[in-house]
Amino acid sequence: MPVLPSLLAVFAHPDDESLLAGGVLAQHHAAGARTAVVTATWAPDSRRAPELADALAVLGAGTPRLLGYNDARDPEAAPGRPRLVDAPLDEAVGRLVAHIRDFRPDIVIGHDALGQLTGHPDHVRAHQITLLAVEAAGLAHMHPDAGPPWQPAALYAATHPESGVGLLRPLLEGAGKAVLSVPDTYVTTSVDVTPWADIKWRAILANRGEVARERPLPGILARLPEGDRIQIIQTEYFTRLIPGPMKGDPAQLTT
């Protein structure tokens, strides 16, 4: 199996990495590539931090890298700390730049501009921070205290095309959630992660608190018949943002 590019995933909450890119992270790890995850919210001493650590261990994505901001909708995430959506933009970008320069990934993946299907404000803010940080990481005069410059070769946004929402639409609408998708033409890369679906599912299940609840997506997926669940998690969709869309639809993320 050829070595695939190294990946740094940047997502807003614990479980986002498993739900949105768990298959791709497992795929790259299995091929010998370095992988890691930066999570923008929840503190190291929060109840979800151990679950995140367990999920990353399943995916082979190292140990948690937490920016430590509070969740826009859950003050238990990081009590006494600013919410991600309220934090000074330059400060948050600088924290992420430090992780990019430390890990030196070939590819960064993160949220799309819509904030995924439900439009969570933390997802939208994480997308904005990631866009700026990927550019800033390669410029020596920006955030000079964050380490030597490093320019990732590509940035991909995890997303959901209109044709790929499928069973998720009634499930999310039934839970009172929004369903935001992008035109199919916006997607540049569709990855069949069926060979890694079992690993992805085990990583999702590691988020035990969310699995036990009714409204979060891990809990919704856990109550589904196995066939429906596999249909939902077996394909991951991405849009190449930097250096720009590629023609065609490659079967994997490329630099």
# chains A, B, ... in the order shown; residues from 1 in each chain; ligands from 1
>>> closest_atom_pairs(of="range 47-153 of chain A", to="range 4-16 of chain A", cutoff="8 Å", atoms="only C-alpha atoms", output="Markdown table")
| residue | atom | partner | partner_atom | distance |
| --- | --- | --- | --- | --- |
| A:Arg48 | CA | A:Pro14 | CA | 6.9 |
| A:Ala49 | CA | A:Pro14 | CA | 7.5 |
| A:Glu51 | CA | A:Pro14 | CA | 7.8 |
| A:Leu52 | CA | A:Pro14 | CA | 5.5 |
| A:Ala55 | CA | A:Asp15 | CA | 7.7 |
| A:Asp71 | CA | A:His13 | CA | 8.0 |
| A:Ile100 | CA | A:Leu8 | CA | 7.6 |
| A:Phe103 | CA | A:Leu8 | CA | 7.6 |
| A:Pro105 | CA | A:Ser6 | CA | 5.2 |
| A:Asp106 | CA | A:Ser6 | CA | 5.1 |
| A:Ile107 | CA | A:Leu7 | CA | 5.0 |
| A:Val108 | CA | A:Leu8 | CA | 4.8 |
| A:Ile109 | CA | A:Ala9 | CA | 4.8 |
| A:Gly110 | CA | A:Val10 | CA | 4.8 |
| A:His111 | CA | A:Phe11 | CA | 6.4 |
| A:Asp122 | CA | A:Ala12 | CA | 5.8 |
| A:His123 | CA | A:Ala12 | CA | 5.5 |
| A:Ala126 | CA | A:Ala12 | CA | 5.8 |
| A:Thr130 | CA | A:Val10 | CA | 7.2 |
>>> residues_around(residues="Ala72 in chain A", least_positions_apart="5", cutoff="10 Å", atoms="only C-alpha atoms", output="list in words")
Thr41, Ala77, Pro82, Arg83, Leu84, Val85, Asp86, His120, Pro121, Asp122 and His123 of chain A
>>> select_by_dssp(residues="range 88-248 of chain A", states="strand (DSSP E or B)", output="list in words")
Ile107, Val108, Ile109, Gly110, Ala154, Leu155, Tyr156, Ala157, Ala158, Thr159, Pro161, Val182, Thr189, Ser190, Val191, Asp192, Thr235, Glu236, Tyr237, Phe238, Thr239, Arg240, Leu241 and Ile242 of chain A
>>> closest_residue(among="A:Val211, A:Ala203, A:Leu155, A:Ala53", to="Thr188 in chain A", atoms="only C-alpha atoms")
A:Leu155
>>> residues_around(residues="Leu168 in chain A", least_positions_apart="2", cutoff="10 Å", atoms="only C-alpha atoms", output="number ranges by chain")
A: 117, 164-166, 170-174, 179, 217, 220-221, 228-229, 231-232
